[in-house]
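Undergrad: Provided herewith is a single structure, encoded as structure tokens, for subsequent inquiry.
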Amino acid sequence: MIFPTFSFAFFFLVVFIGFWYVFRRSRDRTLFLIAASYLFYAFWDWRFCFLLLFSTALNYGFGLLIGTRKEHLWRKFYLILAVLANVLLLGFFKYYTTAATHLNALFSWIAASSSQHGSPFSLPIITVLLPVGISFFTFKALSYIFDVYLCKIPPLKSFPDIMLYISFFPQLASGPIVQASDFLPQIEPAVTAGIEPGSRPIRFDRAAALLVSGLIKKMILANFISTLLVDPVFADPSVFNTLEVFLAGVGYSAVIYADFSGYSDMAIGIALLLGFHTPDNFNRPYISYSVTEFWKRWHITFSSWLRDYLYFAFGGSRFGKIRTLFALIATMIIGGLWHGASIPFLIWGCMQGCALAVERACNYGTKRSVRSWKAAVQIVGTFSFVTLSWLVFRSQSLQSLGLWFSSLGNFSIPLSIPLPVPLFLIILTLSTQFVSRNIRKRSMKSWIAVPIPVKGIVLAAFFAILAIVSMSGIAPFIYFQF
Amino acid sequence: MKFTRKDRYSPNHVLLIITVCVFLSSLLCAKSLWIPATRISNLHIRAVVLSITEAVAAVSASIGSDSVTPRIRSAFLSITGLDSHSSWDSRYFNRRNTQQVQKKLPEDTPIALAQNSPNLASEISDSTNAFSLLKRTPPPSTPQPADKNVPTSVYSCAYPLPVYFFGDSQVFSLASGLSRLVGKGSAIDVDFLAIHSSGFIRDDFYDWPQKLEDTLSEKQYAAVAMMLGMNDYQNFGQTIVESSRSALRSGN
């Protein structure tokens with residue numbers, strides 16, 4: 001069940017009424033949200049609910065063990081055990097098949113080079129279905145463990161609270177990866193809100209704006225550009241003209257932004273309707289003047305997670321420049337592999353890590369140039385690097401990446417894709433990055449001033465427009481595969 | 001941005017806005033409301049929602065607002081040139097033809113068998129019969145090359161072997177992989193069509209038999225490969241049971 005569907009709208013309406021009207025006690029509301037979240041997850045595969053429950057119980061137990069111990073060594077020991085358990089769980093579902101295949105090939109090669117008949121070692125190849133959102137909820141669970149270890153929060157005694165944190169349905173499938181120290185303190189105010197007469201607990205204006213923004217980004221911008229240009233060209237770039245191949249590369253940057261930030265907007269809006277605040281996940285990333293700034297604007301909850309729990313754990317900037325550069329590269333390589341066990345993700349992580357390290361070594365990217373043309377060069381340069389890295393990210397193999405580059409020379413092939421619509425939408429997507437915070441604030445103020453019944457009419461008109469322009473079929477979200 | 005009391009709403013306010021929004025958008029989109037409703041996997045919920053959409057459609061038709069959205073959509077698609085694109089082509093997507101299909105069904109389909117049989121369960125359990133739903137159009141008996149003047153056994157860059165792949169989202173990777181493998185200017189010409197979430201049985205979502213009939217009448221292929229079925233597990237059995245029951249109830 002994905003957000004922009006009738007099924008989800010029906011499901012959410014039931015959850016909304018149940019949460020605000022039927023269940024009035026905090027414990028009942030918590031349990032109701034947990035039940036709704038597990039039901040939401042069961043729509044993909046009910047068996048994964050047991051995995052989610054197992055992960056929750058595991059981390060609840062480790063949280064108690066870490067939190068109740070005062071000796072540093074024991075705390076560290078339990079932390080290492082907890083991290084290992086989570087990594088093994090994630091690794092089994094996400095990396096085992098790839099790792100076993102490569103290791104078996106390595107064993108065979110060693111056996112062949114030592115003139116043996118067949119490898120004495122062979123790992124069984126098990127084909128397992130990747131549970132939806134496992135990377136996201138594992139990182140959330142690890143956030144709880146790290147926050148308890150770092151004494152940011154006390155260990156939870158209430159099992160339902162950690163169940164709600166890890167399984168909260170707006171954030172379950174593709175994030176945002178809200179840290180435990182952000183989410184857990186919200187539970188009590190959220191589940192007790194709206195009980196006293198005359199209370200107004202829902203930030204509907206912001207929620208509606210985020211839902212509308214998310215739907216436009218996903219249903220119009222991402223789906224149109226992807227279907228009309230990016231997918232056909234990336235299927236086989238060799239049969240397309242240079243211009244089409246180039247625009248598909250730039251278009252993919254627009255698609256991945258619109259797709260993922262659209263999903264994040266919807267997730268934040270849905271959580272707001274239930275009284276939960278979620279930190280922003282995207283903040284106009286393509287106007288970044290350096291890769292360092294890009295990672296403060298792109299997938300912010302993920303980059304914050306990497307910074308708080310990995311980069312700082314590697315030493316951060318406390319142990320000299322060399323150690324800092326190592327920490328940056330290692331963090332981004334792990335960040336790359338988090339997306340999947342493949343060479344392109346490894347290269348993508350290396351690219352990001354090396355770019356951050358170079359910028360840190362040259363002390364570049366700390367501030368925007370005061371001259372506008374220099375700032376423009378900085379922005380275009382960063383965007384070009386990011387687009388290049390998305391090409392690596394999208395490629396299933398190095399060969400397909402090479403094919404895209406070699407197809408840039410297809411000057412003689414005639415144009416075969418009608419470009420005006422996708423080109424207009426790419427420009428539109430990228431130009432939304434330049435809408436300043438002030439304009440957004442003023443727009444929000446105007447939206448807030450609209451009378452309540454008119455808001456209903458405006459939203460109805462929006463959904464009618466969406467019905468007019470949307471694709472007939474269903475397009476999946478890019479980040480669901482992670 | 002800072003939020004004041006003015007920016008906050010009670011659940012009653014939110015429900016009021018949602019009610020106004022749902023009511024108005026239902027009137028505007030009444031003709032197409034059944035489309036998202038049919039994608040609800042739970043049959044009971046789907047039945048409830050479909051009956052509501054029927055009622056809304058009737059009200060909308062009585063005041064004449066039901067044709068507004070479809071007219072603007074067809075105008076938008078023709079202006080942008082998207083009406084012939086496979087992802088917007090309404091000739092094959094979302095066809096509400098279950099009852100028509102029931103009337104046309106050959107006698108050996110499970111639904112037809114169910115209509116003539118008092119023992120539904122045993123007849124429906126033979127799920128292989130359901131695949132005959134796809135047999136609306138008999139496949140070409142012998143593959144024909146695109147040009148009859150070309151010898152059938154020799155294919156070259158000038159006269160490539162036309163191959164057509166169709167199916168669900170997995171075909172995209174499979175066929176584009178083959179396309180990249182054979183490269184441009186090869187003796188194999190790969191065409192493909194991948195429709196996300198499409199399947200064998202659910203021709204209410206995408207009408208593959210009709211699409212194939214039209215595609216294969218426009219161009220002939222030496223080989224056609226299909227990859228379908230992954231999306232049919234969802235409510236394959238339930239769909240047949242539901243259709244059979246409704247057929248029995250209507251006495252057809």
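Identifiers in the structure tokens: chain A, B, ... in order shown; residue index from 1 per chain; ligand index from 1 in order shown.
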Write down as a PyMOL selection string the residues belonging to region 9-99 of chain B that are assigned helix (DSSP H, G or I) by DSSP computed on the backbone.

TA: chain B and resi 11-28+30-32+34-38+43-63+68-80+98-99

Undergrad: Report as JSON, numbers by chain all protein, DNA and RNA residues lying within 7 Å of region 168-181 of chain A, evaluated on only C-alpha atoms, omitting residues in the same chain fewer than 4 positions from it.

TA: {"A": [34, 37, 40, 132, 133, 136, 137, 140, 143, 144, 147, 152, 153, 164, 185, 264, 267, 270, 271, 278, 281, 301, 302, 479, 480]}

Undergrad: Any chance you can output those residues with N, CA and C atoms as a PDB file, in the first residue's frame?

TA:
ATOM      1  N   ILE A  34       0.053   1.503  16.792  1.00  0.00           N
ATOM      2  CA  ILE A  34       0.904   0.328  16.536  1.00  0.00           C
ATOM      3  C   ILE A  34       0.142  -0.671  15.666  1.00  0.00           C
ATOM      4  N   SER A  37      -0.009   0.550  12.206  1.00  0.00           N
ATOM      5  CA  SER A  37       1.289   0.466  11.524  1.00  0.00           C
ATOM      6  C   SER A  37       1.595  -0.964  11.104  1.00  0.00           C
ATOM      7  N   PHE A  40      -0.574  -1.777   8.181  1.00  0.00           N
ATOM      8  CA  PHE A  40       0.004  -1.111   7.000  1.00  0.00           C
ATOM      9  C   PHE A  40       1.148  -1.953   6.435  1.00  0.00           C
ATOM     10  N   VAL A 132      10.139  -4.753   2.776  1.00  0.00           N
ATOM     11  CA  VAL A 132      10.010  -3.314   2.485  1.00  0.00           C
ATOM     12  C   VAL A 132      10.471  -2.504   3.694  1.00  0.00           C
ATOM     13  N   GLY A 133      11.312  -1.521   3.448  1.00  0.00           N
ATOM     14  CA  GLY A 133      11.718  -0.580   4.495  1.00  0.00           C
ATOM     15  C   GLY A 133      12.692  -1.116   5.517  1.00  0.00           C
ATOM     16  N   PHE A 136      15.429   1.220   6.437  1.00  0.00           N
ATOM     17  CA  PHE A 136      14.976   2.396   7.176  1.00  0.00           C
ATOM     18  C   PHE A 136      14.688   2.039   8.632  1.00  0.00           C
ATOM     19  N   PHE A 137      13.922   0.940   8.848  1.00  0.00           N
ATOM     20  CA  PHE A 137      13.585   0.665  10.251  1.00  0.00           C
ATOM     21  C   PHE A 137      14.780   0.120  11.036  1.00  0.00           C
ATOM     22  N   LYS A 140      16.514   3.195  12.163  1.00  0.00           N
ATOM     23  CA  LYS A 140      15.774   3.812  13.275  1.00  0.00           C
ATOM     24  C   LYS A 140      16.047   3.053  14.573  1.00  0.00           C
ATOM     25  N   SER A 143      19.357   3.899  15.804  1.00  0.00           N
ATOM     26  CA  SER A 143      19.351   5.250  16.375  1.00  0.00           C
ATOM     27  C   SER A 143      18.946   5.188  17.853  1.00  0.00           C
ATOM     28  N   TYR A 144      17.958   4.342  18.148  1.00  0.00           N
ATOM     29  CA  TYR A 144      17.525   4.192  19.549  1.00  0.00           C
ATOM     30  C   TYR A 144      18.683   3.664  20.408  1.00  0.00           C
ATOM     31  N   ASP A 147      21.354   6.357  20.792  1.00  0.00           N
ATOM     32  CA  ASP A 147      20.910   7.462  21.653  1.00  0.00           C
ATOM     33  C   ASP A 147      20.909   7.049  23.126  1.00  0.00           C
ATOM     34  N   LYS A 152      21.528  10.271  25.357  1.00  0.00           N
ATOM     35  CA  LYS A 152      20.628  11.321  24.881  1.00  0.00           C
ATOM     36  C   LYS A 152      19.221  11.077  25.416  1.00  0.00           C
ATOM     37  N   ILE A 153      18.872   9.804  25.554  1.00  0.00           N
ATOM     38  CA  ILE A 153      17.558   9.446  26.096  1.00  0.00           C
ATOM     39  C   ILE A 153      17.746   8.281  27.071  1.00  0.00           C
ATOM     40  N   LEU A 164       6.027   1.649  18.597  1.00  0.00           N
ATOM     41  CA  LEU A 164       5.473   2.744  17.807  1.00  0.00           C
ATOM     42  C   LEU A 164       6.588   3.489  17.075  1.00  0.00           C
ATOM     43  N   PRO A 185      10.282  11.684  22.565  1.00  0.00           N
ATOM     44  CA  PRO A 185       9.652  12.702  23.427  1.00  0.00           C
ATOM     45  C   PRO A 185       8.320  13.227  22.884  1.00  0.00           C
ATOM     46  N   SER A 264       8.763  11.965   0.840  1.00  0.00           N
ATOM     47  CA  SER A 264       9.056  12.501   2.176  1.00  0.00           C
ATOM     48  C   SER A 264       8.028  13.548   2.585  1.00  0.00           C
ATOM     49  N   ALA A 267       4.956  11.804   3.646  1.00  0.00           N
ATOM     50  CA  ALA A 267       5.146  11.138   4.948  1.00  0.00           C
ATOM     51  C   ALA A 267       5.082  12.157   6.091  1.00  0.00           C
ATOM     52  N   ILE A 270       1.421  13.376   6.498  1.00  0.00           N
ATOM     53  CA  ILE A 270       0.551  12.371   7.117  1.00  0.00           C
ATOM     54  C   ILE A 270       0.825  12.291   8.619  1.00  0.00           C
ATOM     55  N   ALA A 271       2.110  12.318   8.986  1.00  0.00           N
ATOM     56  CA  ALA A 271       2.464  12.278  10.411  1.00  0.00           C
ATOM     57  C   ALA A 271       1.921  13.514  11.133  1.00  0.00           C
ATOM     58  N   THR A 278       7.826  15.738  12.071  1.00  0.00           N
ATOM     59  CA  THR A 278       8.970  15.041  11.463  1.00  0.00           C
ATOM     60  C   THR A 278       9.928  16.092  10.910  1.00  0.00           C
ATOM     61  N   ASN A 281      13.245  16.630   5.292  1.00  0.00           N
ATOM     62  CA  ASN A 281      14.170  15.657   4.694  1.00  0.00           C
ATOM     63  C   ASN A 281      14.916  16.238   3.496  1.00  0.00           C
ATOM     64  N   THR A 301      17.632  13.538   7.006  1.00  0.00           N
ATOM     65  CA  THR A 301      17.566  12.621   8.152  1.00  0.00           C
ATOM     66  C   THR A 301      18.611  11.506   8.019  1.00  0.00           C
ATOM     67  N   PHE A 302      18.859  11.068   6.775  1.00  0.00           N
ATOM     68  CA  PHE A 302      19.862  10.025   6.534  1.00  0.00           C
ATOM     69  C   PHE A 302      21.275  10.578   6.768  1.00  0.00           C
ATOM     70  N   TYR A 479      12.834   4.879  -3.943  1.00  0.00           N
ATOM     71  CA  TYR A 479      13.471   4.486  -2.694  1.00  0.00           C
ATOM     72  C   TYR A 479      12.797   3.295  -2.008  1.00  0.00           C
ATOM     73  N   PHE A 480      11.708   2.749  -2.629  1.00  0.00           N
ATOM     74  CA  PHE A 480      11.104   1.559  -2.027  1.00  0.00           C
ATOM     75  C   PHE A 480      12.029   0.358  -2.120  1.00  0.00           C
TER      76      PHE A 480
END

Undergrad: Could the residues of chain A that have an atom at most 7 Å from chain B be listed as JSON lines, each with its closest atom pair and the distance in Å to one decimal, counting only C-alpha atoms and ordered by chain and ascending residue number?

TA:
{"residue": "A:Thr5", "atom": "CA", "partner": "B:Pro36", "partner_atom": "CA", "distance": 6.8}
{"residue": "A:Phe6", "atom": "CA", "partner": "B:Pro36", "partner_atom": "CA", "distance": 5.4}
{"residue": "A:Ser7", "atom": "CA", "partner": "B:Ile40", "partner_atom": "CA", "distance": 5.3}
{"residue": "A:Trp20", "atom": "CA", "partner": "B:Pro11", "partner_atom": "CA", "distance": 6.6}
{"residue": "A:Ser199", "atom": "CA", "partner": "B:Ser10", "partner_atom": "CA", "distance": 6.3}
{"residue": "A:Arg200", "atom": "CA", "partner": "B:Ser10", "partner_atom": "CA", "distance": 4.2}
{"residue": "A:Pro201", "atom": "CA", "partner": "B:Ser10", "partner_atom": "CA", "distance": 6.0}
{"residue": "A:Ile202", "atom": "CA", "partner": "B:Tyr9", "partner_atom": "CA", "distance": 5.0}
{"residue": "A:Arg203", "atom": "CA", "partner": "B:Arg8", "partner_atom": "CA", "distance": 4.7}
{"residue": "A:Phe204", "atom": "CA", "partner": "B:Tyr9", "partner_atom": "CA", "distance": 6.3}
{"residue": "A:Asp205", "atom": "CA", "partner": "B:Asp7", "partner_atom": "CA", "distance": 6.6}
{"residue": "A:Ala235", "atom": "CA", "partner": "B:Ser176", "partner_atom": "CA", "distance": 4.7}
{"residue": "A:Asp236", "atom": "CA", "partner": "B:Arg180", "partner_atom": "CA", "distance": 5.3}
{"residue": "A:Ser238", "atom": "CA", "partner": "B:Lys184", "partner_atom": "CA", "distance": 6.4}
{"residue": "A:Val239", "atom": "CA", "partner": "B:Lys184", "partner_atom": "CA", "distance": 6.0}
{"residue": "A:Ile448", "atom": "CA", "partner": "B:Asp7", "partner_atom": "CA", "distance": 6.4}
{"residue": "A:Ile452", "atom": "CA", "partner": "B:Ile17", "partner_atom": "CA", "distance": 6.4}
{"residue": "A:Pro453", "atom": "CA", "partner": "B:Ile17", "partner_atom": "CA", "distance": 6.2}
{"residue": "A:Lys455", "atom": "CA", "partner": "B:Ile17", "partner_atom": "CA", "distance": 6.6}
{"residue": "A:Gly456", "atom": "CA", "partner": "B:Cys21", "partner_atom": "CA", "distance": 4.4}
{"residue": "A:Ile457", "atom": "CA", "partner": "B:Cys21", "partner_atom": "CA", "distance": 5.8}
{"residue": "A:Leu459", "atom": "CA", "partner": "B:Cys21", "partner_atom": "CA", "distance": 5.8}
{"residue": "A:Ala460", "atom": "CA", "partner": "B:Cys21", "partner_atom": "CA", "distance": 4.5}
{"residue": "A:Ala461", "atom": "CA", "partner": "B:Ser25", "partner_atom": "CA", "distance": 6.7}
{"residue": "A:Phe463", "atom": "CA", "partner": "B:Ser25", "partner_atom": "CA", "distance": 6.5}
{"residue": "A:Ala464", "atom": "CA", "partner": "B:Ser25", "partner_atom": "CA", "distance": 5.9}
{"residue": "A:Ile468", "atom": "CA", "partner": "B:Arg73", "partner_atom": "CA", "distance": 4.5}
{"residue": "A:Val469", "atom": "CA", "partner": "B:Arg73", "partner_atom": "CA", "distance": 6.5}
{"residue": "A:Met471", "atom": "CA", "partner": "B:Trp88", "partner_atom": "CA", "distance": 5.2}
{"residue": "A:Ser472", "atom": "CA", "partner": "B:Trp88", "partner_atom": "CA", "distance": 4.9}
{"residue": "A:Gly473", "atom": "CA", "partner": "B:Ser87", "partner_atom": "CA", "distance": 6.0}
{"residue": "A:Ile474", "atom": "CA", "partner": "B:His196", "partner_atom": "CA", "distance": 6.1}
{"residue": "A:Ala475", "atom": "CA", "partner": "B:His196", "partner_atom": "CA", "distance": 6.7}

Undergrad: Please identify all polymer residues within 12 Å of Leu388 (chain A), counting only C-alpha atoms, omitting same-chain residues fewer than 2 positions from it, and present them as a PDB file with N, CA, C and O atoms, in the first residue's frame.

TA:
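Listing of part.pdb after writing:
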ATOM      1  N   PHE A 246      21.796  13.075 -23.002  1.00  0.00           N
ATOM      2  CA  PHE A 246      22.211  14.099 -22.035  1.00  0.00           C
ATOM      3  C   PHE A 246      21.032  14.539 -21.161  1.00  0.00           C
ATOM      4  O   PHE A 246      21.141  14.600 -19.933  1.00  0.00           O
ATOM      5  N   ALA A 248      18.351  12.930 -20.530  1.00  0.00           N
ATOM      6  CA  ALA A 248      17.924  11.843 -19.629  1.00  0.00           C
ATOM      7  C   ALA A 248      18.790  11.834 -18.372  1.00  0.00           C
ATOM      8  O   ALA A 248      18.292  11.585 -17.269  1.00  0.00           O
ATOM      9  N   GLY A 249      20.079  12.113 -18.531  1.00  0.00           N
ATOM     10  CA  GLY A 249      20.971  12.176 -17.368  1.00  0.00           C
ATOM     11  C   GLY A 249      20.579  13.291 -16.421  1.00  0.00           C
ATOM     12  O   GLY A 249      20.450  13.089 -15.211  1.00  0.00           O
ATOM     13  N   VAL A 250      20.339  14.475 -16.986  1.00  0.00           N
ATOM     14  CA  VAL A 250      19.906  15.610 -16.151  1.00  0.00           C
ATOM     15  C   VAL A 250      18.513  15.317 -15.586  1.00  0.00           C
ATOM     16  O   VAL A 250      18.220  15.605 -14.419  1.00  0.00           O
ATOM     17  N   GLY A 251      17.674  14.718 -16.443  1.00  0.00           N
ATOM     18  CA  GLY A 251      16.303  14.407 -16.022  1.00  0.00           C
ATOM     19  C   GLY A 251      16.270  13.461 -14.842  1.00  0.00           C
ATOM     20  O   GLY A 251      15.404  13.566 -13.970  1.00  0.00           O
ATOM     21  N   TYR A 252      17.240  12.540 -14.785  1.00  0.00           N
ATOM     22  CA  TYR A 252      17.240  11.598 -13.657  1.00  0.00           C
ATOM     23  C   TYR A 252      17.491  12.326 -12.337  1.00  0.00           C
ATOM     24  O   TYR A 252      16.937  11.929 -11.302  1.00  0.00           O
ATOM     25  N   SER A 253      18.314  13.379 -12.382  1.00  0.00           N
ATOM     26  CA  SER A 253      18.514  14.182 -11.166  1.00  0.00           C
ATOM     27  C   SER A 253      17.186  14.785 -10.714  1.00  0.00           C
ATOM     28  O   SER A 253      16.882  14.825  -9.521  1.00  0.00           O
ATOM     29  N   PRO A 344      28.176  -0.206  -8.335  1.00  0.00           N
ATOM     30  CA  PRO A 344      27.809   1.209  -8.526  1.00  0.00           C
ATOM     31  C   PRO A 344      27.526   1.949  -7.210  1.00  0.00           C
ATOM     32  O   PRO A 344      27.923   3.105  -7.064  1.00  0.00           O
ATOM     33  N   ILE A 347      30.860   2.714  -5.657  1.00  0.00           N
ATOM     34  CA  ILE A 347      31.517   3.839  -6.347  1.00  0.00           C
ATOM     35  C   ILE A 347      30.828   5.154  -5.979  1.00  0.00           C
ATOM     36  O   ILE A 347      31.482   6.165  -5.731  1.00  0.00           O
ATOM     37  N   TRP A 348      29.492   5.105  -5.926  1.00  0.00           N
ATOM     38  CA  TRP A 348      28.743   6.319  -5.585  1.00  0.00           C
ATOM     39  C   TRP A 348      29.158   6.817  -4.188  1.00  0.00           C
ATOM     40  O   TRP A 348      29.399   8.007  -3.996  1.00  0.00           O
ATOM     41  N   MET A 351      32.608   8.279  -4.388  1.00  0.00           N
ATOM     42  CA  MET A 351      32.583   9.607  -5.029  1.00  0.00           C
ATOM     43  C   MET A 351      32.175  10.679  -4.018  1.00  0.00           C
ATOM     44  O   MET A 351      32.804  11.734  -3.923  1.00  0.00           O
ATOM     45  N   GLN A 352      31.093  10.392  -3.295  1.00  0.00           N
ATOM     46  CA  GLN A 352      30.607  11.386  -2.321  1.00  0.00           C
ATOM     47  C   GLN A 352      31.650  11.605  -1.218  1.00  0.00           C
ATOM     48  O   GLN A 352      31.934  12.748  -0.845  1.00  0.00           O
ATOM     49  N   GLY A 381      28.611  23.697 -10.833  1.00  0.00           N
ATOM     50  CA  GLY A 381      29.645  22.676 -10.624  1.00  0.00           C
ATOM     51  C   GLY A 381      29.160  21.585  -9.685  1.00  0.00           C
ATOM     52  O   GLY A 381      29.324  20.387  -9.965  1.00  0.00           O
ATOM     53  N   THR A 382      28.542  21.985  -8.592  1.00  0.00           N
ATOM     54  CA  THR A 382      28.030  20.989  -7.636  1.00  0.00           C
ATOM     55  C   THR A 382      26.935  20.152  -8.278  1.00  0.00           C
ATOM     56  O   THR A 382      26.911  18.920  -8.134  1.00  0.00           O
ATOM     57  N   PHE A 383      26.032  20.825  -9.020  1.00  0.00           N
ATOM     58  CA  PHE A 383      24.940  20.089  -9.671  1.00  0.00           C
ATOM     59  C   PHE A 383      25.496  19.090 -10.685  1.00  0.00           C
ATOM     60  O   PHE A 383      25.000  17.959 -10.793  1.00  0.00           O
ATOM     61  N   SER A 384      26.524  19.499 -11.416  1.00  0.00           N
ATOM     62  CA  SER A 384      27.118  18.590 -12.406  1.00  0.00           C
ATOM     63  C   SER A 384      27.705  17.360 -11.716  1.00  0.00           C
ATOM     64  O   SER A 384      27.520  16.224 -12.181  1.00  0.00           O
ATOM     65  N   PHE A 385      28.407  17.587 -10.609  1.00  0.00           N
ATOM     66  CA  PHE A 385      28.980  16.450  -9.889  1.00  0.00           C
ATOM     67  C   PHE A 385      27.879  15.530  -9.360  1.00  0.00           C
ATOM     68  O   PHE A 385      27.970  14.299  -9.480  1.00  0.00           O
ATOM     69  N   VAL A 386      26.859  16.143  -8.802  1.00  0.00           N
ATOM     70  CA  VAL A 386      25.760  15.339  -8.236  1.00  0.00           C
ATOM     71  C   VAL A 386      25.065  14.546  -9.340  1.00  0.00           C
ATOM     72  O   VAL A 386      24.749  13.356  -9.168  1.00  0.00           O
ATOM     73  N   TRP A 390      24.579  10.600  -9.672  1.00  0.00           N
ATOM     74  CA  TRP A 390      23.295   9.901  -9.834  1.00  0.00           C
ATOM     75  C   TRP A 390      23.342   8.928 -10.994  1.00  0.00           C
ATOM     76  O   TRP A 390      22.655   7.903 -10.977  1.00  0.00           O
ATOM     77  N   LEU A 391      24.136   9.239 -12.022  1.00  0.00           N
ATOM     78  CA  LEU A 391      24.262   8.301 -13.145  1.00  0.00           C
ATOM     79  C   LEU A 391      24.881   6.998 -12.670  1.00  0.00           C
ATOM     80  O   LEU A 391      24.460   5.906 -13.066  1.00  0.00           O
ATOM     81  N   VAL A 392      25.885   7.125 -11.796  1.00  0.00           N
ATOM     82  CA  VAL A 392      26.508   5.925 -11.217  1.00  0.00           C
ATOM     83  C   VAL A 392      25.480   5.195 -10.352  1.00  0.00           C
ATOM     84  O   VAL A 392      25.352   3.969 -10.403  1.00  0.00           O
ATOM     85  N   PHE A 393      24.733   5.961  -9.578  1.00  0.00           N
ATOM     86  CA  PHE A 393      23.716   5.419  -8.671  1.00  0.00           C
ATOM     87  C   PHE A 393      22.666   4.623  -9.447  1.00  0.00           C
ATOM     88  O   PHE A 393      22.232   3.562  -9.023  1.00  0.00           O
ATOM     89  N   ARG A 394      22.263   5.157 -10.592  1.00  0.00           N
ATOM     90  CA  ARG A 394      21.204   4.529 -11.384  1.00  0.00           C
ATOM     91  C   ARG A 394      21.707   3.290 -12.132  1.00  0.00           C
ATOM     92  O   ARG A 394      20.939   2.358 -12.382  1.00  0.00           O
ATOM     93  N   SER A 395      22.993   3.283 -12.487  1.00  0.00           N
ATOM     94  CA  SER A 395      23.519   2.204 -13.332  1.00  0.00           C
ATOM     95  C   SER A 395      23.494   0.875 -12.594  1.00  0.00           C
ATOM     96  O   SER A 395      23.837   0.804 -11.431  1.00  0.00           O
ATOM     97  N   LEU A 401      26.850   2.028 -17.351  1.00  0.00           N
ATOM     98  CA  LEU A 401      27.331   3.400 -17.161  1.00  0.00           C
ATOM     99  C   LEU A 401      28.185   3.824 -18.364  1.00  0.00           C
ATOM    100  O   LEU A 401      28.033   4.925 -18.907  1.00  0.00           O
ATOM    101  N   TRP A 404      26.119   4.641 -21.371  1.00  0.00           N
ATOM    102  CA  TRP A 404      25.529   5.990 -21.341  1.00  0.00           C
ATOM    103  C   TRP A 404      26.553   7.018 -21.833  1.00  0.00           C
ATOM    104  O   TRP A 404      26.234   7.864 -22.667  1.00  0.00           O
ATOM    105  N   PHE A 405      27.785   6.908 -21.334  1.00  0.00           N
ATOM    106  CA  PHE A 405      28.815   7.879 -21.742  1.00  0.00           C
ATOM    107  C   PHE A 405      29.135   7.746 -23.227  1.00  0.00           C
ATOM    108  O   PHE A 405      29.273   8.751 -23.934  1.00  0.00           O
TER     109      PHE A 405
END

Undergrad: Which one of A:Thr242, A:Asn59, A:Thr138, A:Thr331 sits closest to Leu356 (chain A) if you count only C-alpha atoms?

TA: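 Closest to Leu356 (chain A), using only C-alpha atoms: A:Thr331.
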
Undergrad: What is the CA of Phe32 (chain A)-CA of Cys151 (chain A) distance in Å, reported with one decimal?

TA: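 Answer for the CA of Phe32 (chain A) to CA of Cys151 (chain A) separation: 29.3 Å.
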